[in-house]
Amino acid sequence: MTKMNKQIRAAAEKYLKDSIVSCVIGYEEDSRGRIRPAFIEDAKDADRLIWNATCNLNLVNYLHQRKLSPGKDQPVPKTAVLVRPCDVRSINLLISEQQIKRENIKLIGITCPGTEINGQPRTICQFCMERTPVDWDVLIDSDQPIEIPSAEDIYEDIKEMENWTPAERLAYWQKEFDNCIRCYACRLACPGCYCYECVSEQVDPHWTSIALDVPEKMFFHVMRAYHLAGRCVGCDACEAACPMNIPLSRLNRKVAREILEMFNYKTGDDPEEAPLLACFDPHERLRT
Amino acid sequence: MPESSTKTNIQEQSETTDLIIPSLASITGIHDLANNIKLIQVQLDDLAKREVFIYKPGQFVEVSIFGVGESPFGLASSSARGDTLEFAVNRVGTLTDALFRLDVGDQVGIRGPLGKGFPMDMYKGKDILVLGGGIGGAPLRPIIQTVIDNRADYGKMTILWAARSPDLLVFTEEYDHWCSQPDVSMHITVDQAPEGWEHEQGLITTLIEKINPSPENTITVTCGPPIMIKFTMMTLEKLGFRPEQNWVTLEAKMKCGIGKCGRCNLGEKYICTDGPVFCFAEVRNFLESYV
Amino acid sequence: MKIITQKHLQEWLSRLAGEMNLVAPVNSKGKMIYREIKSPEQIAWGFERTKMPPKNWYFPMTESILEIKQGKETKITEPPEPQKTVIFGVRPCDARSVIAFDALFLNKPPVDRQYARHREALIMIGLSCPQMWDTCFCLTVGGAPNSKEGLDILLSQVEDGYAVELLTVKGETIFEGVTFKELAIKVDEPQIHNGLPALRKSDQWMALFNDLYWQKLSDSCLSCRVCSFVCPTCRCYDVRDELVALKPGLKEYERLRAWDSCTATGYRRIAGGHNPRDTKEKRLRNRFYCKFMYYPEDYGSLGCVGCGRCIDACPVGIDILEVIENVDHLLEKVQINV
């Protein structure tokens with residue numbers, strides 16, 4: 001068993017034994033040897049926890065089901081969650097949007113060697129320079145070597161797309177969205193998507209039809225990318241969850257790049273910071 | 001060589017109107033029934049369809065406003081009394097809001113009659129206890145009308161009507177007429193009573209215990225919010241009513257209304273085809289709670 | 001046995017593509033999916049199991065069930081007859097899904113006329129599985145890698161070609177004129193998984209309805225709908241009136257139906273906000289109970305064909321075969337305690 005797994009289990013066991021949290025959210029292996037989320041509530045179950053490069057969901061998403069008091073006069077439950085550096089930024093996002101409180105959460109952070117989607121290293125992992133989470137309560141070192149890239153160019157494939165004509169871009173995305181089955185796995189795996197009723201499902205106002213056709217699917221994905229502008233942390237849980245291998249990361253990172261250039265802003269640096277697009281600074285002026 | 005397995009009988013619905021294509025109907029009346037509740041009256045445009053549109057108390061229709069949507073509504077009228085279909089509408093969502101803005105003469109679509117109604121034949125010769133909560137009184141009204149129109153077939157009828165406040169009581173203009181019928185009595189209760197309120201105050205369960213009806217040869221029919229049905233059934237049980245004597249009508253979100261789309265099930269029962277009327281003896285064994 | 005060569009099969013499929021809609025598995029960026037094709041060159045030969053089942057051709061992702069034109073008069077019509085369609089390369093598990101769909105849409109009144117039209121226009125040419133793959137469990141639910149149920153023709157790979165079994169009048173008809181040889185060739189038995197869990201009968205599932213197992217299982221569920229959408233037998237659908245065109249004096253709408261799933265959070269939420277299935281536990285439990293208890297009790301057919309797509313597609317690894325196995329173990333315990 002790897003040192004990393006030992007340490008993850010020890011951290012979880014301690015948090016549960018000492019009743020610091022009532023649940024540790026991490027990963028376990030199923031009987032087929034595949035990774036899936038694990039909800040450990042008993043210290044003796046902590047030895048189910050493991051981590052490897054296929055752990056590519058954003059477990060912070062599950063805090064939405066533990067952010068409210070379960071009943072009258074009952075406290076909000078306390079949870080520990082295993083996070084990569086990108087995942088932790090979602091914590092800061094949700095704190096700044098007043099969804100969760102830091103005191104109810106324990107962060108089991110890992111230094112991250114990069115994760116895979118569909119057996120391939122994630123595009124942005126190859127260029128990611130942030131290998132240590134910006135916040136943590138326990139920090140566990142990866143047992144794999146971490147190679148910090150020489151340059152951060154997480155937008156290399158975005159630049160390729162920017163060289164296309166609008167017609168080429170449209171053709172590209174229409175082809176991709178033809179495969180989309182509008183299952184909403186992307187939206188539901190995303191910690192930033194927690195609306196009670198998504199725009200794509202609302203009857204009133206009637207934004208879009210229920211059809212699983214390309215125009216409606218395009219509307220959904222582009223709308224979602226816009227609603228995540230300044231809020232997406234680049235965890236790619238959406239792409240990991242997608243059953244049809246749609247390169248959603250490309251869409252979200254394009255928007256993130258615009259945000260970076262316009263506002264010099266990266267989501268999730270600071271939980272105290274007001275949400276970027278929710279606030280207007282009269283001194284702001286877009287470059288023309 | 002077996003016949004191709006796809007040979008099918010694409011039957012026309014010859015016994016009644018088509019259950020998939022809405023029949024066109026026109027609004028003949030809209031009346032305020034209670035606070036935020038209206039009674040809408042429609043007639044099918046096609047005279048021949050009116051002839052075959054026979055329905056039992058407890059059945060429902062799917063009402064369409066084309067382009068807006070379609071929702072199920074319990075029928076609050078009796079086919080024996082004429083071919084005007086009546087249903088009560090509480091404004092809570094997109095379609096009901098659109099219904100509120102319609103006028104006499106406007107067009108709607110009607111699919112039905114749908115679902116299983118109250119087995120009135122089984123109730124003959126028995127006393128009937130009618131328990132209506134809020135807008136739940138609307139699907140029970142055809143039972144009251146059927147009993148009144150066939151008075152000799154049924155025993156005593158006791159109507160217990162409840163609402164959160166007096167402005168939510170439905171069909172208030174008909175109470176005198178009901179009570180003037182032989183062997184029909186009515187009791188009204190509201191949760192919040194204003195000054196000078198002449199009737200009862202409190203929940204319907206309190207009223208039931210006060211009236212203390214005898215379970216002897218009696219059938220009860222209940223309609224209202226799920227929580228009201230739950231506590232009403234408990235109270236009736238306390239008073240000695242067996243579950244087989246109690247009948248309820250349930251509701252759920254529906255789409256097709258004909259048992260195909262899979263939406264409205266409680267366990268293996270579909271509210272739209274196995275119900276919405278159920279004997280409570282069956283309901284309390286439901287896997288999924290109706291509450 | 002009738003044996004055809006790969007060459008003659010492709011010639012036959014080319015001819016069919018000219019006469020009707022031909023649907024077959026293609027490779028779309030590494031994912032095998034059924035698509036309408038113009039030529040058998042596009043077929044992804046050697047596929048195992050497609051990512052999506054072929055149900056889109058008898059139960060489309062989106063289809064109009066009514067067309068409504070409101071002008072001086074209101075006219076409501078049903079959509080035109082669908083085009084004749086032949087699906088090539090249907091795995092026996094997927095073919096058995098029409099047994100479940102027929103039981104619901106045809107055999108239980110009222111007949112779903114839209115579905116009936118699709119079935120009339122549909123021909124399915126099956127491709128027997130030489131083996132069961134990783135997540136397959138057709139045997140558990142009454143199927144088999146070489147099952148003929150629901151198909152019009154079954155092809156099984158043999159040396160130098162395919163053995164052809166014509167199963168229905170439709171199958172015989174479209175096979176007319178195809179070059180074949182009569183040979184005494186035996187088709188190999190498919191390799192199967194041994195030790196698959198046993199599926200408990202529908203009436204036994206009742207005892208576990210309130211078990212804590214469902215809550216534990218649903219902790220990780222995202223309520224996302226992927227399982228229902230990749231499933232050959234899931235049939236829940238949403239209905240909504242959508243605008244087609246607004247012209248002076250004429251409004252055109254269509255009543256659309258589109259795939260939906262009971263796992264979605266708002267599936268049973270009514271106007272006003274009440275939601276009887278407000279927890280993931282209730283929703284996920286409903287999905288399994290529907291497949292293994294409600295569907296068989298209501299329509300006489302299981303709601304699962306054992307294809308294993310949901311196991312592959314679920315983003316959080318919820319495994320229907322594991323559920324079947326756990327139900328078996330939990331019922332053993334319950335029965336011991338009784």
# chains A, B, ... in the order shown; residues from 1 in each chain; ligands from 1
>>> interface_residues(of="chain A", to="chain C", cutoff="9 Å", atoms="only C-alpha atoms", output="PyMOL selection string")
chain A and resi 30-31+34-39+57+62+179+181-189+196-197+203+209-213+240-245
>>> residues_around(residues="Arg66 in chain A", least_positions_apart="5", cutoff="8 Å", atoms="only C-alpha atoms", output="PDB file with all heavy atoms, in the first residue's frame")
ATOM      1  N   VAL A  76     -25.297  22.346  11.097  1.00  0.00           N
ATOM      2  CA  VAL A  76     -24.888  21.897   9.778  1.00  0.00           C
ATOM      3  C   VAL A  76     -23.830  20.810   9.970  1.00  0.00           C
ATOM      4  O   VAL A  76     -22.933  20.961  10.790  1.00  0.00           O
ATOM      5  CB  VAL A  76     -24.288  23.086   8.981  1.00  0.00           C
ATOM      6  CG1 VAL A  76     -23.700  22.623   7.662  1.00  0.00           C
ATOM      7  CG2 VAL A  76     -25.357  24.147   8.760  1.00  0.00           C
ATOM      8  N   PRO A  77     -23.922  19.705   9.241  1.00  0.00           N
ATOM      9  CA  PRO A  77     -22.940  18.635   9.467  1.00  0.00           C
ATOM     10  C   PRO A  77     -21.530  19.067   9.069  1.00  0.00           C
ATOM     11  O   PRO A  77     -21.359  19.906   8.191  1.00  0.00           O
ATOM     12  CB  PRO A  77     -23.430  17.505   8.554  1.00  0.00           C
ATOM     13  CG  PRO A  77     -24.420  18.087   7.646  1.00  0.00           C
ATOM     14  CD  PRO A  77     -24.936  19.338   8.258  1.00  0.00           C
ATOM     15  N   LYS A  78     -20.549  18.463   9.731  1.00  0.00           N
ATOM     16  CA  LYS A  78     -19.159  18.747   9.410  1.00  0.00           C
ATOM     17  C   LYS A  78     -18.614  17.622   8.536  1.00  0.00           C
ATOM     18  O   LYS A  78     -18.860  16.449   8.789  1.00  0.00           O
ATOM     19  CB  LYS A  78     -18.350  18.881  10.701  1.00  0.00           C
ATOM     20  CG  LYS A  78     -18.781  20.106  11.524  1.00  0.00           C
ATOM     21  CD  LYS A  78     -17.667  20.577  12.412  1.00  0.00           C
ATOM     22  CE  LYS A  78     -18.017  21.685  13.378  1.00  0.00           C
ATOM     23  NZ  LYS A  78     -18.903  22.728  12.940  1.00  0.00           N
ATOM     24  N   THR A  79     -17.873  18.050   7.516  1.00  0.00           N
ATOM     25  CA  THR A  79     -17.419  17.091   6.514  1.00  0.00           C
ATOM     26  C   THR A  79     -15.946  17.298   6.201  1.00  0.00           C
ATOM     27  O   THR A  79     -15.478  18.433   6.130  1.00  0.00           O
ATOM     28  CB  THR A  79     -18.187  17.320   5.191  1.00  0.00           C
ATOM     29  OG1 THR A  79     -19.563  17.534   5.462  1.00  0.00           O
ATOM     30  CG2 THR A  79     -18.031  16.139   4.255  1.00  0.00           C
TER      31      THR A  79
END
>>> residues_around(residues="range 222-239 of chain B", least_positions_apart="2", cutoff="10 Å", atoms="only C-alpha atoms", output="ChimeraX atom specification")
/B:58,129-140,160,162-163,203-206,208-209,212-215,220,241-243,245-251,277,280,284,289-291
>>> residues_around(residues="Arg131 in chain A", least_positions_apart="5", cutoff="12 Å", atoms="only C-alpha atoms", output="count of residues only")
25
>>> closest_atom_pairs(of="chain B", to="chain A", cutoff="10 Å", atoms="only C-alpha atoms", output="Markdown table")
| residue | atom | partner | partner_atom | distance |
| --- | --- | --- | --- | --- |
| B:Val68 | CA | A:Val203 | CA | 9.2 |
| B:Gly69 | CA | A:Val203 | CA | 9.5 |
| B:Gly93 | CA | A:Asp204 | CA | 8.6 |
| B:Thr94 | CA | A:Asp204 | CA | 6.4 |
| B:Leu95 | CA | A:Asp204 | CA | 9.7 |
>>> select_by_dssp(residues="range 17-60 of chain C", states="strand (DSSP E)", output="short mmCIF file (atom, residue, chain, number, x, y, z; two decimals) with all heavy atoms, in the first residue's frame")
data_model
loop_
_atom_site.label_atom_id
_atom_site.label_comp_id
_atom_site.auth_asym_id
_atom_site.auth_seq_id
_atom_site.Cartn_x
_atom_site.Cartn_y
_atom_site.Cartn_z
N ASN C 21 -33.65 3.63 -44.82
CA ASN C 21 -32.66 4.14 -43.85
C ASN C 21 -31.83 2.97 -43.35
O ASN C 21 -32.38 1.98 -42.87
CB ASN C 21 -33.42 4.68 -42.62
CG ASN C 21 -33.45 6.16 -42.59
OD1 ASN C 21 -32.83 6.83 -43.40
ND2 ASN C 21 -34.20 6.69 -41.64
N LEU C 22 -30.52 3.07 -43.45
CA LEU C 22 -29.67 2.03 -42.88
C LEU C 22 -28.95 2.60 -41.67
O LEU C 22 -28.31 3.64 -41.77
CB LEU C 22 -28.66 1.52 -43.92
CG LEU C 22 -27.61 0.51 -43.41
CD1 LEU C 22 -28.27 -0.78 -42.93
CD2 LEU C 22 -26.58 0.20 -44.50
N VAL C 23 -29.06 1.90 -40.55
CA VAL C 23 -28.42 2.34 -39.32
C VAL C 23 -27.44 1.26 -38.89
O VAL C 23 -27.77 0.08 -38.97
CB VAL C 23 -29.48 2.55 -38.20
CG1 VAL C 23 -28.82 2.86 -36.87
CG2 VAL C 23 -30.43 3.66 -38.59
N ALA C 24 -26.25 1.67 -38.49
CA ALA C 24 -25.26 0.67 -38.08
C ALA C 24 -24.26 1.33 -37.13
O ALA C 24 -24.21 2.55 -37.04
CB ALA C 24 -24.54 0.14 -39.31
N PRO C 25 -23.46 0.52 -36.44
CA PRO C 25 -22.47 1.11 -35.52
C PRO C 25 -21.33 1.78 -36.30
O PRO C 25 -20.78 1.21 -37.23
CB PRO C 25 -21.94 -0.10 -34.74
CG PRO C 25 -22.86 -1.22 -35.03
CD PRO C 25 -23.46 -0.95 -36.35
N VAL C 26 -21.02 3.02 -35.88
CA VAL C 26 -19.88 3.73 -36.45
C VAL C 26 -18.97 4.18 -35.31
O VAL C 26 -19.39 4.23 -34.16
CB VAL C 26 -20.30 4.98 -37.28
CG1 VAL C 26 -21.27 4.61 -38.36
CG2 VAL C 26 -20.87 6.05 -36.40
N ASN C 27 -17.73 4.51 -35.65
CA ASN C 27 -16.77 4.97 -34.66
C ASN C 27 -16.75 6.49 -34.67
O ASN C 27 -16.35 7.11 -35.65
CB ASN C 27 -15.38 4.42 -35.01
CG ASN C 27 -14.35 4.77 -33.95
OD1 ASN C 27 -14.45 5.80 -33.28
ND2 ASN C 27 -13.36 3.92 -33.78
N SER C 28 -17.23 7.10 -33.59
CA SER C 28 -17.24 8.55 -33.50
C SER C 28 -16.27 8.95 -32.40
O SER C 28 -16.59 8.87 -31.22
CB SER C 28 -18.66 9.04 -33.18
OG SER C 28 -18.69 10.42 -32.99
N LYS C 31 -15.79 6.45 -29.74
CA LYS C 31 -17.00 5.88 -29.15
C LYS C 31 -17.80 5.20 -30.25
O LYS C 31 -18.01 5.78 -31.32
CB LYS C 31 -17.88 6.99 -28.56
CG LYS C 31 -17.26 7.72 -27.41
CD LYS C 31 -17.55 7.03 -26.11
CE LYS C 31 -16.81 7.73 -24.99
NZ LYS C 31 -16.50 6.94 -23.87
N MET C 32 -18.23 3.97 -30.00
CA MET C 32 -19.07 3.26 -30.97
C MET C 32 -20.51 3.65 -30.73
O MET C 32 -21.02 3.49 -29.62
CB MET C 32 -18.94 1.74 -30.79
CG MET C 32 -17.52 1.24 -30.89
SD MET C 32 -16.82 1.60 -32.50
CE MET C 32 -15.10 1.28 -32.16
N ILE C 33 -21.13 4.22 -31.75
CA ILE C 33 -22.55 4.57 -31.62
C ILE C 33 -23.27 4.22 -32.91
O ILE C 33 -22.66 4.12 -33.96
CB ILE C 33 -22.75 6.07 -31.34
CG1 ILE C 33 -21.94 6.93 -32.32
CG2 ILE C 33 -22.40 6.43 -29.92
CD1 ILE C 33 -22.18 8.41 -32.13
N TYR C 34 -24.58 3.99 -32.81
CA TYR C 34 -25.38 3.74 -34.00
C TYR C 34 -25.65 5.05 -34.71
O TYR C 34 -25.98 6.04 -34.08
CB TYR C 34 -26.71 3.08 -33.62
CG TYR C 34 -26.58 1.64 -33.19
CD1 TYR C 34 -26.50 1.33 -31.84
CD2 TYR C 34 -26.50 0.60 -34.11
CE1 TYR C 34 -26.36 0.02 -31.43
CE2 TYR C 34 -26.35 -0.71 -33.71
CZ TYR C 34 -26.28 -1.00 -32.36
OH TYR C 34 -26.14 -2.30 -31.95
N ARG C 35 -25.49 5.01 -36.02
CA ARG C 35 -25.77 6.22 -36.82
C ARG C 35 -26.40 5.78 -38.13
O ARG C 35 -26.17 4.66 -38.60
CB ARG C 35 -24.46 6.92 -37.18
CG ARG C 35 -23.91 7.83 -36.12
CD ARG C 35 -24.00 9.28 -36.58
NE ARG C 35 -23.19 10.16 -35.76
CZ ARG C 35 -23.60 10.73 -34.64
NH1 ARG C 35 -24.80 10.50 -34.18
NH2 ARG C 35 -22.81 11.53 -33.96
N GLU C 36 -27.13 6.71 -38.75
CA GLU C 36 -27.63 6.44 -40.10
C GLU C 36 -26.44 6.57 -41.05
O GLU C 36 -25.69 7.53 -40.98
CB GLU C 36 -28.72 7.46 -40.45
CG GLU C 36 -30.00 7.13 -39.70
CD GLU C 36 -31.07 8.19 -39.79
OE1 GLU C 36 -30.94 9.13 -40.59
OE2 GLU C 36 -32.04 8.08 -39.03
N ILE C 37 -26.27 5.58 -41.91
CA ILE C 37 -25.12 5.59 -42.82
C ILE C 37 -25.58 5.42 -44.26
O ILE C 37 -26.66 4.93 -44.53
CB ILE C 37 -24.11 4.45 -42.48
CG1 ILE C 37 -24.79 3.07 -42.55
CG2 ILE C 37 -23.49 4.67 -41.11
CD1 ILE C 37 -23.82 1.92 -42.44
#
>>> residues_around(residues="Lys269 in chain B", least_positions_apart="4", cutoff="12 Å", atoms="only C-alpha atoms", output="PyMOL selection string")
(chain B and resi 115+250+252+259+262-265+273-278+282-283+285-290) or (chain C and resi 290+293-295+297-299)
>>> closest_residue(among="B:Leu169, B:Leu102, B:Cys256, B:Ile148", to="chain C", atoms="only C-alpha atoms")
B:Cys256
>>> closest_residue(among="B:His199, B:Lys253, B:His187, B:Arg141", to="Pro276 in chain C", atoms="only C-alpha atoms")
B:Lys253
>>> residues_around(residues="Met120 in chain B", least_positions_apart="5", cutoff="10 Å", atoms="only C-alpha atoms", output="list in words")
Lys56, Pro57, Ile143, Thr146, Val147, Asp153 and Tyr154 of chain B
>>> select_by_dssp(residues="range 42-276 of chain C", states="alpha helix (DSSP H)", output="number ranges by chain")
C: 92-105, 113-120, 169-175, 213-218, 226-230
>>> atom_distance(atom1="CA of Ser147 in chain C", atom2="CA of Arg49 in chain C")
15.2 Å
>>> closest_residue(among="B:Asp46, B:Glu70, B:Glu195, B:Glu62", to="chain C", atoms="only C-alpha atoms")
B:Glu70
>>> atom_distance(atom1="CA of Ile20 in chain B", atom2="CA of Phe53 in chain B")
14.7 Å
>>> residues_around(residues="Glu149 in chain C", least_positions_apart="6", cutoff="12 Å", atoms="only C-alpha atoms", output="list in words")
Pro2, Ser4 and Ser5 of chain B; Val90, Arg91, Pro92, Cys93, Asp94, Ala95, Arg96, Ser97, Val98, Ile99, Ala100, Met124, Ile125, Gly126, Ser128, Gly142, Gly143, Leu166, Leu167, Thr168 and Val305 of chain C
>>> closest_residue(among="B:Ile54, B:Ile271, B:Ile30, B:Met254", to="chain C", atoms="only C-alpha atoms")
B:Met254
>>> decode(residues="range 213-243 of chain A", atoms="N, CA and C atoms", output="compact mmCIF listing (two decimals), in the first residue's frame")
# COMPACT_ATOMS: atom_id res chain seq x y z
N ASP A 213 -31.86 18.10 -29.48
CA ASP A 213 -31.31 18.43 -30.79
C ASP A 213 -30.12 19.36 -30.61
N VAL A 214 -29.30 19.46 -31.67
CA VAL A 214 -28.06 20.23 -31.55
C VAL A 214 -28.26 21.68 -31.11
N PRO A 215 -29.25 22.42 -31.65
CA PRO A 215 -29.40 23.81 -31.20
C PRO A 215 -29.66 23.92 -29.71
N GLU A 216 -30.51 23.03 -29.19
CA GLU A 216 -30.82 23.08 -27.76
C GLU A 216 -29.60 22.68 -26.93
N LYS A 217 -28.86 21.68 -27.39
CA LYS A 217 -27.70 21.23 -26.64
C LYS A 217 -26.61 22.30 -26.66
N MET A 218 -26.48 22.95 -27.80
CA MET A 218 -25.51 24.04 -27.91
C MET A 218 -25.88 25.16 -26.95
N PHE A 219 -27.16 25.49 -26.93
CA PHE A 219 -27.64 26.53 -26.01
C PHE A 219 -27.26 26.18 -24.59
N PHE A 220 -27.54 24.94 -24.20
CA PHE A 220 -27.25 24.53 -22.83
C PHE A 220 -25.78 24.68 -22.50
N HIS A 221 -24.91 24.16 -23.37
CA HIS A 221 -23.48 24.16 -23.04
C HIS A 221 -22.89 25.56 -23.05
N VAL A 222 -23.28 26.36 -24.02
CA VAL A 222 -22.74 27.72 -24.08
C VAL A 222 -23.27 28.55 -22.92
N MET A 223 -24.56 28.38 -22.62
CA MET A 223 -25.15 29.08 -21.48
C MET A 223 -24.44 28.69 -20.20
N ARG A 224 -24.17 27.42 -20.03
CA ARG A 224 -23.50 26.94 -18.83
C ARG A 224 -22.08 27.50 -18.75
N ALA A 225 -21.40 27.54 -19.87
CA ALA A 225 -20.04 28.11 -19.87
C ALA A 225 -20.07 29.57 -19.45
N TYR A 226 -21.07 30.30 -19.92
CA TYR A 226 -21.20 31.70 -19.53
C TYR A 226 -21.55 31.83 -18.05
N HIS A 227 -22.42 30.99 -17.57
CA HIS A 227 -22.80 31.07 -16.16
C HIS A 227 -21.65 30.68 -15.25
N LEU A 228 -20.66 30.00 -15.82
CA LEU A 228 -19.49 29.65 -15.03
C LEU A 228 -18.34 30.62 -15.23
N ALA A 229 -18.56 31.67 -15.99
CA ALA A 229 -17.50 32.65 -16.23
C ALA A 229 -17.07 33.27 -14.91
N GLY A 230 -15.81 33.16 -14.61
CA GLY A 230 -15.30 33.69 -13.35
C GLY A 230 -15.58 32.77 -12.18
N ARG A 231 -16.21 31.62 -12.45
CA ARG A 231 -16.58 30.69 -11.39
C ARG A 231 -15.99 29.30 -11.60
N CYS A 232 -15.60 29.01 -12.83
CA CYS A 232 -15.06 27.69 -13.14
C CYS A 232 -13.63 27.59 -12.63
N VAL A 233 -13.32 26.49 -11.95
CA VAL A 233 -11.98 26.35 -11.40
C VAL A 233 -11.11 25.45 -12.25
N GLY A 234 -11.64 24.91 -13.31
CA GLY A 234 -10.83 24.09 -14.20
C GLY A 234 -10.57 22.70 -13.68
N CYS A 235 -11.48 22.16 -12.86
CA CYS A 235 -11.28 20.81 -12.34
C CYS A 235 -11.60 19.74 -13.38
N ASP A 236 -12.35 20.11 -14.41
CA ASP A 236 -12.74 19.18 -15.48
C ASP A 236 -13.60 18.01 -15.01
N ALA A 237 -14.28 18.16 -13.88
CA ALA A 237 -15.18 17.09 -13.45
C ALA A 237 -16.27 16.88 -14.50
N CYS A 238 -16.63 17.97 -15.17
CA CYS A 238 -17.67 17.89 -16.22
C CYS A 238 -17.22 16.95 -17.33
N GLU A 239 -15.98 17.14 -17.76
CA GLU A 239 -15.48 16.31 -18.86
C GLU A 239 -15.29 14.86 -18.40
N ALA A 240 -14.90 14.70 -17.12
CA ALA A 240 -14.72 13.35 -16.58
C ALA A 240 -16.06 12.63 -16.51
N ALA A 241 -17.11 13.37 -16.19
CA ALA A 241 -18.42 12.74 -16.03
C ALA A 241 -19.11 12.46 -17.37
N CYS A 242 -18.71 13.19 -18.40
CA CYS A 242 -19.42 13.08 -19.68
C CYS A 242 -19.30 11.69 -20.27
N PRO A 243 -20.41 11.03 -20.57
CA PRO A 243 -20.31 9.68 -21.12
C PRO A 243 -19.89 9.67 -22.60
